[in-house]
$ cat target_29.pdb   # PDB, C-alpha atoms and all ligand atoms
ATOM      1  CA  MET Q  10      -2.520  14.609 -21.702
ATOM      2  CA  ILE Q  11      -3.016  14.987 -17.940
ATOM      3  CA  GLN Q  12      -1.856  12.000 -15.891
ATOM      4  CA  TRP Q  13      -4.003  11.260 -12.860
ATOM      5  CA  ALA Q  14      -3.096   9.407  -9.671
ATOM      6  CA  PHE Q  15      -5.024   8.547  -6.517
ATOM      7  CA  VAL Q  16      -3.432   7.821  -3.129
ATOM      8  CA  THR Q  17      -5.419   6.586  -0.121
ATOM      9  CA  GLY Q  18      -4.375   7.360   3.459
ATOM     10  CA  ALA Q  19      -2.519  10.433   2.241
ATOM     11  CA  ASP Q  20      -2.666  12.575   5.406
ATOM     12  CA  ARG Q  21       0.767  11.610   6.653
ATOM     13  CA  GLY Q  22       3.509   9.016   6.528
ATOM     14  CA  VAL Q  23       4.314   7.181   3.327
ATOM     15  CA  GLY Q  24       1.018   8.246   1.700
ATOM     16  CA  LEU Q  25       1.778  11.939   2.098
ATOM     17  CA  SER Q  26       5.292  11.440   0.694
ATOM     18  CA  LEU Q  27       3.874   9.509  -2.259
ATOM     19  CA  VAL Q  28       1.544  12.432  -2.992
ATOM     20  CA  LYS Q  29       4.480  14.873  -2.858
ATOM     21  CA  GLY Q  30       6.553  12.643  -5.142
ATOM     22  CA  LEU Q  31       3.744  12.235  -7.677
ATOM     23  CA  LEU Q  32       3.179  16.003  -7.767
ATOM     24  CA  GLU Q  33       6.913  16.489  -8.393
ATOM     25  CA  LYS Q  34       6.632  14.082 -11.322
ATOM     26  CA  GLY Q  35       3.842  16.201 -12.803
ATOM     27  CA  TYR Q  36       0.797  14.086 -11.930
ATOM     28  CA  HIS Q  37      -2.572  15.488 -10.972
ATOM     29  CA  VAL Q  38      -3.290  13.772  -7.648
ATOM     30  CA  PHE Q  39      -6.395  12.860  -5.685
ATOM     31  CA  ALA Q  40      -5.315  12.567  -2.042
ATOM     32  CA  GLY Q  41      -7.621  10.458   0.113
ATOM     33  CA  GLN Q  42      -7.800  12.294   3.442
ATOM     34  CA  TYR Q  43      -8.891  10.298   6.460
ATOM     35  CA  ALA Q  44      -7.637  12.275   9.442
ATOM     36  CA  GLY Q  45      -8.309  15.865   8.454
ATOM     37  CA  ALA Q  46      -6.775  18.780  10.344
ATOM     38  CA  GLU Q  47      -5.233  16.752  13.186
ATOM     39  CA  ALA Q  48      -2.675  15.326  10.718
ATOM     40  CA  GLY Q  49      -0.981  18.743  10.648
ATOM     41  CA  GLY Q  50      -2.500  20.395   7.582
ATOM     42  CA  GLU Q  51       0.287  19.256   5.248
ATOM     43  CA  LEU Q  52      -2.132  18.242   2.483
ATOM     44  CA  GLU Q  53      -3.861  21.625   2.706
ATOM     45  CA  ARG Q  54      -0.480  23.345   2.296
ATOM     46  CA  LEU Q  55       0.381  21.143  -0.704
ATOM     47  CA  GLU Q  56      -2.979  21.941  -2.252
ATOM     48  CA  GLU Q  57      -2.262  25.668  -2.045
ATOM     49  CA  LEU Q  58       1.221  25.247  -3.490
ATOM     50  CA  ASN Q  59       0.151  23.083  -6.403
ATOM     51  CA  GLU Q  60      -2.666  25.187  -7.835
ATOM     52  CA  GLY Q  61      -5.290  22.760  -8.991
ATOM     53  CA  ARG Q  62      -3.068  19.667  -9.360
ATOM     54  CA  LEU Q  63      -3.864  18.298  -5.889
ATOM     55  CA  LYS Q  64      -7.413  17.485  -4.938
ATOM     56  CA  ARG Q  65      -8.083  16.448  -1.343
ATOM     57  CA  VAL Q  66     -10.862  13.879  -1.088
ATOM     58  CA  PRO Q  67     -12.349  12.977   2.314
ATOM     59  CA  LEU Q  68     -12.077   9.197   2.409
ATOM     60  CA  ASP Q  69     -12.645   6.375   4.855
ATOM     61  CA  ILE Q  70     -11.886   3.281   2.778
ATOM     62  CA  SER Q  71     -13.769   1.078   5.248
ATOM     63  CA  ASN Q  72     -17.006   2.971   4.649
ATOM     64  CA  ALA Q  73     -19.084   2.326   1.512
ATOM     65  CA  ALA Q  74     -20.768   5.759   1.516
ATOM     66  CA  SER Q  75     -17.451   7.569   1.925
ATOM     67  CA  VAL Q  76     -15.913   5.566  -0.922
ATOM     68  CA  ARG Q  77     -18.934   6.319  -3.129
ATOM     69  CA  GLU Q  78     -18.500  10.061  -2.555
ATOM     70  CA  ALA Q  79     -14.781   9.846  -3.319
ATOM     71  CA  LEU Q  80     -15.525   7.997  -6.571
ATOM     72  CA  GLU Q  81     -17.973  10.740  -7.513
ATOM     73  CA  ALA Q  82     -15.251  13.344  -6.914
ATOM     74  CA  VAL Q  83     -12.967  11.447  -9.303
ATOM     75  CA  ALA Q  84     -15.682  11.031 -11.930
ATOM     76  CA  ALA Q  85     -16.409  14.769 -11.808
ATOM     77  CA  ALA Q  86     -12.809  15.503 -12.791
ATOM     78  CA  THR Q  87     -11.701  12.659 -15.077
ATOM     79  CA  ASP Q  88     -12.771   9.392 -16.704
ATOM     80  CA  ARG Q  89      -9.164   8.102 -16.592
ATOM     81  CA  LEU Q  90      -6.931   7.207 -13.670
ATOM     82  CA  ASP Q  91      -3.344   6.250 -14.458
ATOM     83  CA  ILE Q  92      -2.181   5.149 -11.016
ATOM     84  CA  LEU Q  93      -4.076   4.042  -7.927
ATOM     85  CA  ILE Q  94      -1.976   3.595  -4.773
ATOM     86  CA  ASN Q  95      -3.804   1.730  -2.020
ATOM     87  CA  ASN Q  96      -1.776   2.924   0.950
ATOM     88  CA  GLY Q  97      -4.251   3.562   3.787
ATOM     89  CA  ALA Q  98      -4.032   0.970   6.574
ATOM     90  CA  ILE Q  99      -4.189   0.456  10.318
ATOM     91  CA  LEU Q 100      -2.192  -1.786  12.605
ATOM     92  CA  GLY Q 101      -4.413  -3.182  15.336
ATOM     93  CA  ASP Q 102      -3.111  -5.095  18.332
ATOM     94  CA  MET Q 103       0.521  -6.241  18.194
ATOM     95  CA  GLN Q 104       0.721  -8.203  21.454
ATOM     96  CA  ALA Q 105      -1.998 -10.839  21.803
ATOM     97  CA  THR Q 106      -1.024 -14.409  20.901
ATOM     98  CA  ILE Q 107      -3.300 -17.420  20.440
ATOM     99  CA  GLU Q 108      -3.065 -17.982  24.197
ATOM    100  CA  ASP Q 109      -4.532 -14.544  24.967
ATOM    101  CA  GLU Q 110      -7.995 -13.140  24.537
ATOM    102  CA  LEU Q 111      -8.121 -11.859  20.961
ATOM    103  CA  ASP Q 112     -10.100  -8.719  20.066
ATOM    104  CA  PHE Q 113     -12.260  -9.824  17.145
ATOM    105  CA  GLU Q 114     -14.116  -6.509  16.893
ATOM    106  CA  GLU Q 115     -10.850  -4.708  16.277
ATOM    107  CA  MET Q 116      -9.711  -7.378  13.825
ATOM    108  CA  ASP Q 117     -12.915  -6.896  11.890
ATOM    109  CA  GLN Q 118     -12.077  -3.209  11.450
ATOM    110  CA  VAL Q 119      -8.451  -3.908  10.464
ATOM    111  CA  PHE Q 120      -9.723  -6.261   7.755
ATOM    112  CA  ARG Q 121     -12.323  -3.723   6.630
ATOM    113  CA  VAL Q 122      -9.564  -1.149   6.154
ATOM    114  CA  ASN Q 123      -6.483  -3.065   5.015
ATOM    115  CA  ALA Q 124      -7.982  -5.817   2.877
ATOM    116  CA  LEU Q 125     -11.552  -4.879   1.970
ATOM    117  CA  GLY Q 126     -10.878  -1.128   1.880
ATOM    118  CA  ALA Q 127      -8.218  -1.501  -0.791
ATOM    119  CA  LEU Q 128     -10.464  -3.867  -2.753
ATOM    120  CA  ARG Q 129     -13.421  -1.485  -2.532
ATOM    121  CA  ILE Q 130     -11.316   1.308  -4.031
ATOM    122  CA  SER Q 131      -9.766  -0.861  -6.761
ATOM    123  CA  ASN Q 132     -13.215  -2.188  -7.615
ATOM    124  CA  GLY Q 133     -14.746   1.290  -7.773
ATOM    125  CA  LEU Q 134     -11.941   2.728  -9.893
ATOM    126  CA  ILE Q 135     -11.207  -0.175 -12.216
ATOM    127  CA  ARG Q 136     -12.997   1.364 -15.213
ATOM    128  CA  PRO Q 137     -11.102   4.682 -15.169
ATOM    129  CA  ILE Q 138      -7.894   2.732 -14.479
ATOM    130  CA  LEU Q 139      -8.352   0.463 -17.505
ATOM    131  CA  LYS Q 140      -9.211   3.476 -19.688
ATOM    132  CA  SER Q 141      -5.932   5.217 -18.766
ATOM    133  CA  GLY Q 142      -2.510   5.017 -20.358
ATOM    134  CA  SER Q 143      -0.695   3.480 -17.371
ATOM    135  CA  LYS Q 144      -3.435   1.193 -15.946
ATOM    136  CA  LEU Q 145      -1.522   0.669 -12.699
ATOM    137  CA  ILE Q 146      -2.683  -0.426  -9.247
ATOM    138  CA  VAL Q 147      -0.060  -0.311  -6.475
ATOM    139  CA  ASN Q 148      -0.992  -2.069  -3.250
ATOM    140  CA  ILE Q 149       1.162  -1.043  -0.298
ATOM    141  CA  SER Q 150       1.488  -4.292   1.600
ATOM    142  CA  SER Q 151       4.027  -5.390   4.202
ATOM    143  CA  GLU Q 152       6.608  -8.040   4.931
ATOM    144  CA  ALA Q 153       4.196  -8.799   7.777
ATOM    145  CA  GLY Q 154       1.811 -10.242   5.176
ATOM    146  CA  SER Q 155       4.396 -12.705   3.892
ATOM    147  CA  ILE Q 156       3.562 -16.255   5.000
ATOM    148  CA  GLY Q 157       6.888 -17.563   3.688
ATOM    149  CA  SER Q 158       8.970 -15.352   5.969
ATOM    150  CA  CYS Q 159       6.597 -15.123   8.941
ATOM    151  CA  TRP Q 160       8.341 -15.054  12.333
ATOM    152  CA  ARG Q 161       5.718 -13.292  14.472
ATOM    153  CA  ASN Q 162       3.417 -14.973  16.980
ATOM    154  CA  ALA Q 163       1.077 -11.979  17.252
ATOM    155  CA  TRP Q 164      -0.106  -9.009  15.081
ATOM    156  CA  TYR Q 165      -2.953 -11.290  13.920
ATOM    157  CA  ALA Q 166      -5.163  -8.715  12.230
ATOM    158  CA  TYR Q 167      -2.384  -6.843  10.473
ATOM    159  CA  CYS Q 168      -0.476  -9.881   9.181
ATOM    160  CA  MET Q 169      -3.618 -11.692   8.051
ATOM    161  CA  SER Q 170      -5.113  -8.600   6.406
ATOM    162  CA  LYS Q 171      -1.895  -7.928   4.468
ATOM    163  CA  ALA Q 172      -1.738 -11.587   3.366
ATOM    164  CA  ALA Q 173      -5.301 -11.084   2.099
ATOM    165  CA  LEU Q 174      -4.175  -7.933   0.289
ATOM    166  CA  ASN Q 175      -1.435  -9.970  -1.383
ATOM    167  CA  MET Q 176      -3.949 -12.561  -2.593
ATOM    168  CA  GLN Q 177      -6.288  -9.819  -3.767
ATOM    169  CA  SER Q 178      -3.428  -8.332  -5.803
ATOM    170  CA  GLN Q 179      -2.826 -11.633  -7.585
ATOM    171  CA  LEU Q 180      -6.546 -12.031  -8.351
ATOM    172  CA  ILE Q 181      -6.696  -8.523  -9.824
ATOM    173  CA  HIS Q 182      -3.484  -9.122 -11.766
ATOM    174  CA  ASN Q 183      -4.924 -12.319 -13.280
ATOM    175  CA  GLN Q 184      -7.961 -10.403 -14.515
ATOM    176  CA  ILE Q 185      -6.407  -7.200 -15.820
ATOM    177  CA  ALA Q 186      -2.969  -8.226 -17.095
ATOM    178  CA  PRO Q 187      -4.435  -9.533 -20.392
ATOM    179  CA  LYS Q 188      -5.969  -6.064 -20.877
ATOM    180  CA  GLY Q 189      -2.669  -4.278 -20.284
ATOM    181  CA  GLY Q 190      -3.447  -3.660 -16.598
ATOM    182  CA  LYS Q 191      -0.570  -3.707 -14.110
ATOM    183  CA  VAL Q 192      -0.464  -4.522 -10.407
ATOM    184  CA  MET Q 193       2.386  -4.012  -7.957
ATOM    185  CA  VAL Q 194       2.526  -5.211  -4.332
ATOM    186  CA  ILE Q 195       5.143  -3.351  -2.348
ATOM    187  CA  HIS Q 196       6.516  -3.541   1.196
ATOM    188  CA  PRO Q 197       7.604   0.054   1.928
ATOM    189  CA  GLY Q 198      10.373  -0.926   4.347
ATOM    190  CA  HIS Q 199      10.476  -0.124   8.054
ATOM    191  CA  VAL Q 200       9.491   3.530   7.997
ATOM    192  CA  GLN Q 201       9.475   6.242  10.657
ATOM    193  CA  THR Q 202       5.748   6.956  10.787
ATOM    194  CA  TYR Q 203       2.988   7.299  13.371
ATOM    195  CA  MET Q 204       1.316   4.003  12.515
ATOM    196  CA  GLN Q 205       1.861   2.740  16.061
ATOM    197  CA  GLY Q 206       0.243   5.882  17.471
ATOM    198  CA  LYS Q 207       3.629   7.503  18.161
ATOM    199  CA  LEU Q 208       6.639   8.152  15.928
ATOM    200  CA  ASP Q 209       8.375   4.835  15.279
ATOM    201  CA  THR Q 210      11.957   6.006  15.696
ATOM    202  CA  ALA Q 211      13.223   2.458  15.109
ATOM    203  CA  GLY Q 212      12.256   2.779  11.431
ATOM    204  CA  ARG Q 213      15.231   2.666   9.036
ATOM    205  CA  LEU Q 214      13.685   4.960   6.461
ATOM    206  CA  THR Q 215      12.007   8.330   6.385
ATOM    207  CA  PRO Q 216       8.649   8.438   4.578
ATOM    208  CA  ASP Q 217      10.294  10.422   1.764
ATOM    209  CA  GLU Q 218      13.014   7.765   1.310
ATOM    210  CA  SER Q 219      10.442   4.967   1.208
ATOM    211  CA  ALA Q 220       8.144   6.838  -1.201
ATOM    212  CA  GLY Q 221      11.141   7.734  -3.389
ATOM    213  CA  GLY Q 222      12.012   4.042  -3.714
ATOM    214  CA  ILE Q 223       8.417   3.083  -4.453
ATOM    215  CA  LEU Q 224       8.028   5.743  -7.156
ATOM    216  CA  LYS Q 225      11.282   4.662  -8.767
ATOM    217  CA  LEU Q 226       9.873   1.126  -9.018
ATOM    218  CA  VAL Q 227       6.655   2.534 -10.452
ATOM    219  CA  GLU Q 228       8.640   4.390 -13.095
ATOM    220  CA  GLN Q 229      10.505   1.169 -13.993
ATOM    221  CA  ARG Q 230       7.201  -0.731 -14.175
ATOM    222  CA  LEU Q 231       5.724   1.865 -16.515
ATOM    223  CA  ASP Q 232       8.765   1.937 -18.793
ATOM    224  CA  PRO Q 233       7.709   0.563 -22.200
ATOM    225  CA  GLY Q 234      10.884  -1.583 -22.121
ATOM    226  CA  TYR Q 235       9.887  -3.289 -18.825
ATOM    227  CA  THR Q 236      10.644  -7.000 -19.097
ATOM    228  CA  GLY Q 237       9.490  -8.384 -15.721
ATOM    229  CA  GLU Q 238       6.945 -11.165 -15.680
ATOM    230  CA  GLY Q 239       4.091 -12.012 -13.355
ATOM    231  CA  LEU Q 240       3.523 -10.491  -9.962
ATOM    232  CA  ALA Q 241       5.849 -10.549  -6.973
ATOM    233  CA  LEU Q 242       5.846  -9.125  -3.467
ATOM    234  CA  ILE Q 243       8.744  -6.676  -3.552
ATOM    235  CA  ASP Q 244      10.173  -4.161  -1.124
ATOM    236  CA  TYR Q 245      10.753  -0.442  -1.740
ATOM    237  CA  ALA Q 246      14.228  -1.249  -3.130
ATOM    238  CA  GLY Q 247      12.915  -3.853  -5.581
ATOM    239  CA  GLU Q 248      14.004  -6.966  -3.632
ATOM    240  CA  THR Q 249      11.604  -9.893  -3.952
ATOM    241  CA  LEU Q 250      10.097 -11.248  -0.726
ATOM    242  CA  PRO Q 251       8.469 -14.665  -0.349
ATOM    243  CA  TRP Q 252       4.659 -14.659  -0.596
TER     244      TRP Q 252
HETATM  245  N1  LIG J 301       5.703   2.198   8.658
HETATM  246  C1  LIG J 301       6.163   1.000   8.379
HETATM  247  O1  LIG J 301       7.240   0.590   8.854
HETATM  248  C2  LIG J 301       5.418   0.088   7.449
HETATM  249  C3  LIG J 301       5.916  -1.204   7.239
HETATM  250  C4  LIG J 301       5.244  -2.048   6.368
HETATM  251  C5  LIG J 301       4.112  -1.591   5.716
HETATM  252  N2  LIG J 301       3.629  -0.337   5.938
HETATM  253  C6  LIG J 301       2.437   0.089   5.196
HETATM  254  O2  LIG J 301       2.671   1.345   4.608
HETATM  255  C7  LIG J 301       1.430   2.039   4.438
HETATM  256  C8  LIG J 301       1.552   3.435   4.998
HETATM  257  O3  LIG J 301       1.725   3.344   6.406
HETATM  258  P1  LIG J 301       2.521   4.436   7.257
HETATM  259  O4  LIG J 301       3.639   3.756   7.906
HETATM  260  O5  LIG J 301       2.755   5.641   6.423
HETATM  261  O6  LIG J 301       1.479   4.728   8.437
HETATM  262  P2  LIG J 301       0.497   5.942   8.701
HETATM  263  O7  LIG J 301       1.276   7.214   8.773
HETATM  264  O8  LIG J 301      -0.346   5.543   9.852
HETATM  265  O9  LIG J 301      -0.333   5.983   7.345
HETATM  266  C9  LIG J 301      -1.503   5.265   7.125
HETATM  267  C10 LIG J 301      -2.533   6.224   6.578
HETATM  268  O10 LIG J 301      -3.784   5.535   6.411
HETATM  269  C11 LIG J 301      -4.812   6.343   7.001
HETATM  270  N3  LIG J 301      -5.984   5.570   7.366
HETATM  271  C12 LIG J 301      -6.256   4.932   8.540
HETATM  272  N4  LIG J 301      -7.500   4.416   8.499
HETATM  273  C13 LIG J 301      -8.007   4.724   7.283
HETATM  274  C14 LIG J 301      -9.266   4.502   6.667
HETATM  275  N5  LIG J 301     -10.240   3.838   7.275
HETATM  276  N6  LIG J 301      -9.468   4.997   5.423
HETATM  277  C15 LIG J 301      -8.485   5.664   4.781
HETATM  278  N7  LIG J 301      -7.291   5.934   5.320
HETATM  279  C16 LIG J 301      -7.052   5.457   6.563
HETATM  280  C17 LIG J 301      -4.113   6.958   8.189
HETATM  281  O11 LIG J 301      -4.858   8.033   8.719
HETATM  282  P3  LIG J 301      -4.639   8.367  10.291
HETATM  283  O12 LIG J 301      -3.207   8.754  10.426
HETATM  284  O13 LIG J 301      -5.571   9.461  10.580
HETATM  285  O14 LIG J 301      -4.979   7.119  11.035
HETATM  286  C18 LIG J 301      -2.796   7.375   7.568
HETATM  287  O15 LIG J 301      -2.926   8.581   6.850
HETATM  288  C19 LIG J 301       0.383   1.162   5.124
HETATM  289  O16 LIG J 301      -0.285   0.386   4.150
HETATM  290  C20 LIG J 301       1.200   0.279   6.026
HETATM  291  O17 LIG J 301       0.551  -0.946   6.320
HETATM  292  C21 LIG J 301       4.266   0.510   6.798
END
$ encode --input "target_29.pdb" --output "structure tokens"
Amino acid sequence: MIQWAFVTGADRGVGLSLVKGLLEKGYHVFAGQYAGAEAGGELERLEELNEGRLKRVPLDISNAASVREALEAVAAATDRLDILINNGAILGDMQATIEDELDFEEMDQVFRVNALGALRISNGLIRPILKSGSKLIVNISSEAGSIGSCWRNAWYAYCMSKAALNMQSQLIHNQIAPKGGKVMVIHPGHVQTYMQGKLDTAGRLTPDESAGGILKLVEQRLDPGYTGEGLALIDYAGETLPW
């Protein structure tokens, strides 16, 4: 039987590498495409190479109409979705502290994308997910969303939105675990991507290395012999981080 996966924010960075990795593992993949051509056309190239197994879906997860259209594209192809990876996110301001003027308009958008965007997609796809064999939702979070290990005095929107994503993951887990549903919340590591608007050369990992680690954890989670309990915030190498 065909195994289906959906990745949001798949134009570049970790999302693009997750799409590549899932295709290598034999999945049929819906790739949520936010940027379009300016991301370099990598998804278009992958689509050509993978003859029918990659479907690009225009998707702004902060926009209800865009999400609706993406859900229709999924429904036209399958009534089952094995893996959803909520990866799409934005950073917002990284400088302003409580003593500065905070940009609430921008924060609103960061929340709409990082916290509510992921929830909108999980909500819209929960039926096909629960009908599938794997029933897995992977939320790409961040150590920045960990309250227990918080050291920053800025990055308000990003940190708070990822903490909200963590809570959302636990709420979903509580509802779907009794039905065989699975949730993972993963910090991808410090990755060399363009999230800050320019290549973050300080990142320790390439997107492929991060995605490789994440997909290994996914494989372990889907192993019928998996013995882990409950939900934890883990990094790409499987280390547990404090909530
Ligand atoms: N890089 C790191 O060190 C790091 C650390 C911790 C956590 N993370 C998390 O890892 C994930 C991937 O980030 P990344 O580093 O690969 O950064 P990235 O390259 O900027 O990837 C984020 C993706 O989300 C897309 N996106 C932005 N707004 C969107 C929207 N409204 N709807 C749908 N997609 C949207 C981006 O499109 P555009 O490129 O067109 O904006 C991009 O394709 C994110 O959840 C991020 O928070 C990254």
$ residues_near_ligand --input "target_29.pdb" --ligand "ligand LIG 301 (chain J)" --cutoff "6 Å" --atoms "only C-alpha atoms and all ligand atoms" --output "compact mmCIF listing (two decimals) with C-alpha atoms, keeping the file's coordinate frame"
# COMPACT_ATOMS: atom_id res chain seq x y z
CA THR Q 17 -5.42 6.59 -0.12
CA GLY Q 18 -4.38 7.36 3.46
CA ALA Q 19 -2.52 10.43 2.24
CA ASP Q 20 -2.67 12.58 5.41
CA ARG Q 21 0.77 11.61 6.65
CA GLY Q 22 3.51 9.02 6.53
CA VAL Q 23 4.31 7.18 3.33
CA GLY Q 24 1.02 8.25 1.70
CA TYR Q 43 -8.89 10.30 6.46
CA ALA Q 44 -7.64 12.28 9.44
CA LEU Q 68 -12.08 9.20 2.41
CA ASP Q 69 -12.64 6.38 4.86
CA ILE Q 70 -11.89 3.28 2.78
CA SER Q 71 -13.77 1.08 5.25
CA ASN Q 96 -1.78 2.92 0.95
CA GLY Q 97 -4.25 3.56 3.79
CA ALA Q 98 -4.03 0.97 6.57
CA ILE Q 99 -4.19 0.46 10.32
CA VAL Q 122 -9.56 -1.15 6.15
CA ILE Q 149 1.16 -1.04 -0.30
CA SER Q 150 1.49 -4.29 1.60
CA SER Q 151 4.03 -5.39 4.20
CA HIS Q 196 6.52 -3.54 1.20
CA PRO Q 197 7.60 0.05 1.93
CA GLY Q 198 10.37 -0.93 4.35
CA HIS Q 199 10.48 -0.12 8.05
CA VAL Q 200 9.49 3.53 8.00
CA GLN Q 201 9.48 6.24 10.66
CA THR Q 202 5.75 6.96 10.79
CA TYR Q 203 2.99 7.30 13.37
CA MET Q 204 1.32 4.00 12.52
$ residues_around --input "target_29.pdb" --residues "Asp117 (chain Q)" --least-positions-apart "5" --cutoff "12 Å" --atoms "all atoms listed in the file" --output "list in words"
Ser71, Ile99, Leu100, Gly101, Asp102, Leu111, Asp112, Val122, Asn123, Ala124, Leu125, Gly126, Tyr165, Ala166, Tyr167, Met169 and Ser170 of chain Q
$ closest_residue --input "target_29.pdb" --among "Q:Asp91, Q:Leu134, Q:Glu51, Q:Ala40" --to "Val66 (chain Q)" --atoms "all atoms listed in the file"
Q:Ala40
$ residues_near_point --input "target_29.pdb" --point "(-4.5, 13.2, -8.4)" --cutoff "8 Å" --atoms "only C-alpha atoms" --output "PyMOL selection string"
chain Q and resi 13-16+36-40+62-64
$ write_last_selection --input "target_29.pdb" --atoms "C-alpha atoms" --output "CSV table (one decimal), keeping the file's coordinate frame"
chain,number,residue,atom,x,y,z
Q,13,TRP,CA,-4.0,11.3,-12.9
Q,14,ALA,CA,-3.1,9.4,-9.7
Q,15,PHE,CA,-5.0,8.5,-6.5
Q,16,VAL,CA,-3.4,7.8,-3.1
Q,36,TYR,CA,0.8,14.1,-11.9
Q,37,HIS,CA,-2.6,15.5,-11.0
Q,38,VAL,CA,-3.3,13.8,-7.6
Q,39,PHE,CA,-6.4,12.9,-5.7
Q,40,ALA,CA,-5.3,12.6,-2.0
Q,62,ARG,CA,-3.1,19.7,-9.4
Q,63,LEU,CA,-3.9,18.3,-5.9
Q,64,LYS,CA,-7.4,17.5,-4.9
$ resolve_selection --input "target_29.pdb" --expression "the PyMOL selection byres (((chain Q and resi 135-143) around 7) and not hetatm)" --output "NGL selection string"
:Q and (88-92 or 131-134 or 144-145 or 190 or 231)
$ atom_distance --input "target_29.pdb" --atom1 "CA of Gln179 (chain Q)" --atom2 "CA of Lys225 (chain Q)"
21.6 Å
$ closest_residue --input "target_29.pdb" --among "Q:Val83, Q:Phe120, Q:Lys188, Q:Trp160" --to "Ala172 (chain Q)" --atoms "all atoms listed in the file"
Q:Phe120
$ closest_residue --input "target_29.pdb" --among "Q:Lys171, Q:Gly221, Q:Glu152, Q:Ala163" --to "Val119 (chain Q)" --atoms "only C-alpha atoms"
Q:Lys171
$ closest_residue --input "target_29.pdb" --among "Q:Gly35, Q:Gly247, Q:Gly41, Q:Gly30" --to "Ile130 (chain Q)" --atoms "only C-alpha atoms"
Q:Gly41
$ atom_distance --input "target_29.pdb" --atom1 "CA of Glu53 (chain Q)" --atom2 "CA of Asp217 (chain Q)"
18.1 Å
$ atom_distance --input "target_29.pdb" --atom1 "CA of Glu248 (chain Q)" --atom2 "CA of Ile185 (chain Q)"
23.8 Å
$ closest_residue --input "target_29.pdb" --among "Q:Ser155, Q:Gln205, Q:Gln184, Q:Gln42" --to "Pro251 (chain Q)" --atoms "only C-alpha atoms"
Q:Ser155
$ closest_residue --input "target_29.pdb" --among "Q:Asn59, Q:Gln12, Q:Ser219, Q:Thr249" --to "Gly157 (chain Q)" --atoms "only C-alpha atoms"
Q:Thr249
$ residues_around --input "target_29.pdb" --residues "Ala241 (chain Q)" --least-positions-apart "2" --cutoff "10 Å" --atoms "all atoms listed in the file" --output "mmCIF file with C-alpha atoms, in the frame of the given file"
data_model
loop_
_atom_site.group_PDB
_atom_site.id
_atom_site.type_symbol
_atom_site.label_atom_id
_atom_site.label_comp_id
_atom_site.auth_asym_id
_atom_site.auth_seq_id
_atom_site.Cartn_x
_atom_site.Cartn_y
_atom_site.Cartn_z
ATOM 1 C CA ASN Q 175 -1.435 -9.970 -1.383
ATOM 2 C CA SER Q 178 -3.428 -8.332 -5.803
ATOM 3 C CA GLN Q 179 -2.826 -11.633 -7.585
ATOM 4 C CA VAL Q 192 -0.464 -4.522 -10.407
ATOM 5 C CA MET Q 193 2.386 -4.012 -7.957
ATOM 6 C CA VAL Q 194 2.526 -5.211 -4.332
ATOM 7 C CA ILE Q 195 5.143 -3.351 -2.348
ATOM 8 C CA GLY Q 237 9.490 -8.384 -15.721
ATOM 9 C CA GLU Q 238 6.945 -11.165 -15.680
ATOM 10 C CA GLY Q 239 4.091 -12.012 -13.355
ATOM 11 C CA ILE Q 243 8.744 -6.676 -3.552
ATOM 12 C CA ASP Q 244 10.173 -4.161 -1.124
ATOM 13 C CA GLY Q 247 12.915 -3.853 -5.581
ATOM 14 C CA GLU Q 248 14.004 -6.966 -3.632
ATOM 15 C CA THR Q 249 11.604 -9.893 -3.952
ATOM 16 C CA LEU Q 250 10.097 -11.248 -0.726
ATOM 17 C CA PRO Q 251 8.469 -14.665 -0.349
ATOM 18 C CA TRP Q 252 4.659 -14.659 -0.596
#
